[in-house]
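**Q** Okay, here's the structure, questions in a sec.
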Amino acid sequence: MTEDTRDFSDLYEQVGGVLINIGHLSEEKETAMELAMEEAHKHNVPIVVDNVGVSSSRIRKEVANKLLSLEPTVVKGNVSEMRTLCNLASHGKGVDAAEEDQDSSAMKELEEGLLALTKIHPNTCFLATGPSDLVVYQSQVLLLQNGIEALDKFTGTGDVVGALIATLLGSGVDVLPSVLQAVSYFNLCGEKALEIVQNDAKIASIREETLNQLSLLKQNESWQNGIKGDWL
Ligand SMILES: Nc1ncnc2c1ncn2[C@@H]1O[C@H](COP(=O)(O)OP(=O)(O)OP(=O)(O)O)[C@@H](O)[C@H]1O
Ligand SMILES: Cc1ncsc1CCO
Ligand SMILES: [Mg+2]
C-alpha cells in the first residue's frame with residue numbers, strides 16, 4: 001500500500017499483516033522495506049516477503065537476503081526465485097520461473113535447500129510456487145498440486161498469492177494453514193475459472209474469471225475438499 005515511511009505509524013495501528021514485494025525495487029524502497037519489517041515486529045504484525053525477480057539481479061539477491069535476516073513470517077517466490085535464495089543454480093529470467101527448475105530432481109534439490117534454510121531461520125515458512133507448490137516450515141514439508149498452467153502465463157499470480165497469505169495471517173490464522181489455504185484457494189479459483197470459460201480459453205478470459213472466483217469460490221463451504229497435496 002505504501003512505500004512512504006511517514007505512513008507507517010498510522011498504518012501499523014490498523015493492519016493485521018504486511019506484504020513486502022520487492023518487484024519494483026529502488027534504493028529508497030530497500031530502506032523503507034527494512035523499516036517496515038522492524039515496525040512490523042514492534043507491532044507483532046506477521047510479515048510476508050515476496051522475492052519477485054530475485055534470480056535476475058545481484059542487488060535483488062542482496063536485498064532478499066537482508067530481508068530474510070529480519071525474520072519474516074513467510075518468504076515466497078516461484079521455484080526459480082526460491083532456488084536463488086537457497087544458493088542453488090537458477091534458470092529464472094526476469095520475474096518468470098524456468099521449466100528446468102520445475103522437474104522432480106530440481107524440486108527435490110529445492111526441498112533440501114529450503115530445509116537447510118529453515119535450520120538457520122526456524123521462525124520462517126518458505127513457499128516455492130510452480131506446477132507443484134513446495135511449503136517448508138521447520139521440519140515439515142508439504143507439496144501442493146492444484147492449479148492450471150495458465151496461472152503461469154499471466155503475470156501477477158504470485159503477487160495475489162502473497163496478498164492472500166498476508167490476509168490470512170492478518171486475520172489470525174496460523175502460519176502453515178495460512179500458506180496452505182492461500183495457495184490452494186487461489187489455484188482452485190484457477191481450476192474453477194478454466195471450467196467456466198472452457199469455450200473461450202483465452203488468457204484474459206481465464207484471468208478475469210480467476211479473479212471473479214476470488215470472491216465466489218468461498219461461497220461453496222466445502223471448497224477445501226478440492227485441495228490436493230501430500231506431506232513429504
Ligand atoms: N504450471 C502450473 N500449473 C498449475 N499451477 C501453477 C502453474 N504455474 C503456477 N501455478 C500457480 O500459480 C500461482 C503463482 O505461481 P507462480 O510460480 O507463477 O508465481 P510467480 O512467478 O511468483 O508469479 P508472478 O511473478 O507472475 O506474480 C501459484 O499458486 C502456483 O501454484
Ligand atoms: C510486483 C511486480 N513488480 C514487477 S513485476 C511484478 C509482478 C511479478 O510478480
Ligand atoms: Mg509467474
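Ordering of the C-alpha cells sets the chain letters (A, B, ...), residue numbers begin anew at 1 in every chain, and ligands are numbered from 1 in the order given.
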For A:Ser56, work out the shell of residues within 7 Å, counting only C-alpha atoms and skipping chain neighbours fewer than 4 positions away, then give it as a PyMOL selection string.

**A** chain A and resi 92-94

**Q** Print the selection's residues with N, CA and C atoms to a file, as a PDB file, in the first residue's frame.

**A**
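The new file out-v8.pdb reads:
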```pdb
ATOM      1  N   GLY A  92      15.800 -18.880 -13.728  1.00  0.00           N
ATOM      2  CA  GLY A  92      14.751 -17.853 -13.790  1.00  0.00           C
ATOM      3  C   GLY A  92      15.218 -16.625 -14.551  1.00  0.00           C
ATOM      4  N   LYS A  93      14.273 -16.037 -15.310  1.00  0.00           N
ATOM      5  CA  LYS A  93      14.596 -14.800 -16.047  1.00  0.00           C
ATOM      6  C   LYS A  93      13.556 -13.758 -15.709  1.00  0.00           C
ATOM      7  N   GLY A  94      14.007 -12.546 -15.407  1.00  0.00           N
ATOM      8  CA  GLY A  94      13.047 -11.509 -15.037  1.00  0.00           C
ATOM      9  C   GLY A  94      12.219 -11.992 -13.861  1.00  0.00           C
TER      10      GLY A  94
END
```

**Q** Show me which residues line ligand 1, defined as having an atom within 6 Å of a ligand atom where only C-alpha atoms and all ligand atoms count, and present them as number ranges by chain.

**A** A: 77-78, 95-97, 129-133, 147-149, 151-152, 155-159, 183, 186-187

**Q** If you run DSSP over the backbone, which residues in stretch 87-127 of chain A end up alpha helix (DSSP H)? Put them as number ranges by chain.

**A** A: 104-120

**Q** List as a Markdown table every residue of stretch 106-192 of chain A that is in contact with stretch 216-219 of chain A, defined as an atom at most 12 Å from one of its atoms (using only C-alpha atoms), together with the nearest atom pair and the distance in Å rounded to one decimal, sorted by chain and then rising number.

**A**
```
| residue | atom | partner | partner_atom | distance |
| --- | --- | --- | --- | --- |
| A:Gln181 | CA | A:Lys218 | CA | 11.4 |
| A:Ala182 | CA | A:Lys218 | CA | 11.8 |
| A:Ser184 | CA | A:Leu217 | CA | 11.4 |
| A:Tyr185 | CA | A:Leu217 | CA | 8.0 |
| A:Phe186 | CA | A:Leu217 | CA | 9.3 |
| A:Asn187 | CA | A:Leu217 | CA | 10.8 |
| A:Leu188 | CA | A:Leu217 | CA | 8.0 |
| A:Cys189 | CA | A:Leu217 | CA | 6.5 |
| A:Gly190 | CA | A:Leu217 | CA | 10.1 |
| A:Glu191 | CA | A:Leu217 | CA | 10.5 |
| A:Lys192 | CA | A:Leu217 | CA | 8.1 |
```

**Q** Those residues you just picked out, can you put them in a file as a CSV table (one decimal), in the first residue's frame with N, CA and C atoms?

**A**
```csv
chain,number,residue,atom,x,y,z
A,181,GLN,N,-3.8,-22.7,2.7
A,181,GLN,CA,-5.1,-22.3,2.2
A,181,GLN,C,-5.0,-21.2,1.1
A,182,ALA,N,-4.1,-20.3,1.3
A,182,ALA,CA,-3.9,-19.2,0.3
A,182,ALA,C,-3.6,-19.8,-1.1
A,184,SER,N,-3.8,-23.0,-2.1
A,184,SER,CA,-4.8,-23.9,-2.6
A,184,SER,C,-6.1,-23.1,-3.1
A,185,TYR,N,-6.5,-22.1,-2.3
A,185,TYR,CA,-7.7,-21.4,-2.7
A,185,TYR,C,-7.5,-20.7,-4.1
A,186,PHE,N,-6.3,-20.0,-4.2
A,186,PHE,CA,-6.1,-19.4,-5.5
A,186,PHE,C,-6.0,-20.4,-6.7
A,187,ASN,N,-5.4,-21.5,-6.4
A,187,ASN,CA,-5.3,-22.5,-7.5
A,187,ASN,C,-6.6,-23.1,-7.8
A,188,LEU,N,-7.4,-23.3,-6.8
A,188,LEU,CA,-8.8,-23.8,-7.1
A,188,LEU,C,-9.6,-22.8,-7.8
A,189,CYS,N,-9.4,-21.5,-7.6
A,189,CYS,CA,-10.0,-20.4,-8.3
A,189,CYS,C,-9.7,-20.5,-9.8
A,190,GLY,N,-8.4,-20.8,-10.1
A,190,GLY,CA,-7.9,-21.0,-11.5
A,190,GLY,C,-8.6,-22.3,-12.1
A,191,GLU,N,-8.7,-23.3,-11.3
A,191,GLU,CA,-9.3,-24.6,-11.9
A,191,GLU,C,-10.8,-24.3,-12.2
A,192,LYS,N,-11.5,-23.6,-11.3
A,192,LYS,CA,-12.9,-23.3,-11.5
A,192,LYS,C,-13.1,-22.4,-12.7
```

**Q** Which is closer to A:His41 than all the others in A:Glu27, A:Glu71, A:Glu99, A:Glu62, using only C-alpha atoms?

**A**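 Smallest separation from A:His41 among the options: A:Glu71.
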
**Q** May I ask which of the residues A:Ala98, A:Ile120, A:Leu180, A:Leu19 is the closest one to ligand 2, counting only C-alpha atoms and all ligand atoms?

**A**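 Looking at the shortest contact to ligand 2, the residue is A:Leu19.
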
**Q** Kindly indicate which residue among A:Val15, A:Leu117, A:Leu110, A:Ala163 lies nearest to A:Asn44, using only C-alpha atoms for the distances.

**A**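 Among the listed residues, the smallest separation from A:Asn44 belongs to A:Val15.
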
**Q** Set the distance at 8 Å and use only C-alpha atoms: which residues neighbour A:Ala64 once local chain neighbours fewer than 3 positions away are removed? I'd like the list as JSON, numbers by chain.

**A** {"A": [51, 54, 60, 61, 67, 68, 85]}

**Q** Mind dumping the selected residues with N, CA and C atoms as a compact mmCIF listing (two decimals), in the first residue's frame?

**A**
```
# COMPACT_ATOMS: atom_id res chain seq x y z
N ASN A 51 9.82 -12.51 -3.05
CA ASN A 51 11.12 -12.26 -3.69
C ASN A 51 11.02 -12.15 -5.21
N VAL A 54 14.18 -12.17 -7.96
CA VAL A 54 15.46 -12.28 -7.23
C VAL A 54 16.51 -13.06 -8.01
N ARG A 60 18.95 -7.60 -6.13
CA ARG A 60 17.75 -8.23 -5.57
C ARG A 60 18.11 -9.36 -4.61
N LYS A 61 19.16 -10.11 -4.95
CA LYS A 61 19.56 -11.20 -4.07
C LYS A 61 20.07 -10.66 -2.73
N LEU A 67 16.38 -9.00 3.90
CA LEU A 67 15.01 -9.11 4.42
C LEU A 67 14.82 -10.45 5.15
N LEU A 68 15.43 -11.51 4.62
CA LEU A 68 15.33 -12.82 5.28
C LEU A 68 15.96 -12.77 6.68
N LEU A 85 17.46 -18.08 -3.63
CA LEU A 85 17.55 -17.82 -2.19
C LEU A 85 18.33 -18.92 -1.47
```

**Q** Hey, which of A:Leu127, A:Val79, A:Glu100, A:Glu195 ends up closest to A:Ile165? Count only C-alpha atoms.

**A**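 Counting only C-alpha atoms, the residue closest to A:Ile165 is A:Leu127.
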
**Q** Pick the closest to A:Met33 from A:Thr5, A:Asn225, A:Thr167, A:Gln14: which is it, counting only C-alpha atoms?

**A**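 Of the candidates, the smallest distance to A:Met33 is held by A:Thr5.
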
**Q** Write out as a list of chain:residue names which residues come within 9 Å of stretch 205-207 of chain A when counting only C-alpha atoms, dropping same-chain ones fewer than 2 positions away.

**A**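 Neighbouring residues, sequence-local ones excluded: A:Ala150, A:Leu151, A:Phe154, A:Gly190, A:Ala193, A:Leu194, A:Ile196, A:Val197, A:Gln198, A:Asp200, A:Ala201, A:Lys202, A:Ile203, A:Glu209, A:Thr210, A:Leu211, A:Asn212.
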
**Q** Quick one: residues within 12 Å of A:Leu70, only C-alpha atoms, excluding same-chain residues fewer than 6 positions away - as a list in words?

**A**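 Non-adjacent residues within range: Met33, Glu34, Leu35, Ala36, Met37, Glu38, Glu39, Ala40, His41, Pro46, Ile47, Val48, Val49, Val63, Ala64, His121, Asn123 and Thr124 of chain A.
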
**Q** Please return as a list in words: the residues of stretch 30-62 of chain A that backbone DSSP assigns to strand (DSSP E).

**A**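 The strand (DSSP E) subset of stretch 30-62 of chain A is Ile47, Val48, Val49 and Asp50 of chain A.
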
**Q** Keeping N, CA and C atoms for every residue in the selection just given, could you write it to a file as a compact mmCIF listing (two decimals), in the first residue's frame?

**A**
```
# COMPACT_ATOMS: atom_id res chain seq x y z
N ILE A 47 4.64 -10.94 8.74
CA ILE A 47 5.23 -10.37 7.51
C ILE A 47 5.38 -11.44 6.44
N VAL A 48 4.94 -11.11 5.21
CA VAL A 48 5.20 -11.96 4.04
C VAL A 48 6.18 -11.20 3.13
N VAL A 49 7.26 -11.86 2.73
CA VAL A 49 8.19 -11.26 1.76
C VAL A 49 8.07 -12.03 0.45
N ASP A 50 7.81 -11.30 -0.65
CA ASP A 50 7.74 -11.91 -1.97
C ASP A 50 8.98 -11.51 -2.76
```

**Q** Give me, as a ChimeraX atom specification, all polymer residues having an atom no more than 12 Å from A:Thr2, counting only C-alpha atoms and skipping those fewer than 5 positions away in the same chain.

**A** /A:7-12,18-21,29,32-33,36

**Q** Could you dump the residues just selected with C-alpha atoms as an mmCIF file, in the first residue's frame?

**A**
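Everything below was put into result.cif:
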```cif
data_model
loop_
_atom_site.group_PDB
_atom_site.id
_atom_site.type_symbol
_atom_site.label_atom_id
_atom_site.label_comp_id
_atom_site.auth_asym_id
_atom_site.auth_seq_id
_atom_site.Cartn_x
_atom_site.Cartn_y
_atom_site.Cartn_z
ATOM 1 C CA ASP A 7 2.714 6.435 6.698
ATOM 2 C CA PHE A 8 3.977 3.658 8.898
ATOM 3 C CA SER A 9 2.981 4.850 12.385
ATOM 4 C CA ASP A 10 -0.674 5.330 11.385
ATOM 5 C CA LEU A 11 -0.879 2.202 9.231
ATOM 6 C CA TYR A 12 0.604 -0.074 11.863
ATOM 7 C CA VAL A 18 2.128 -6.826 5.972
ATOM 8 C CA LEU A 19 3.194 -7.874 2.477
ATOM 9 C CA ILE A 20 6.603 -6.796 1.229
ATOM 10 C CA ASN A 21 7.013 -7.328 -2.506
ATOM 11 C CA LYS A 29 12.354 1.274 -1.197
ATOM 12 C CA ALA A 32 11.570 1.550 3.513
ATOM 13 C CA MET A 33 11.154 -2.259 3.396
ATOM 14 C CA ALA A 36 8.560 -1.689 7.538
#
```
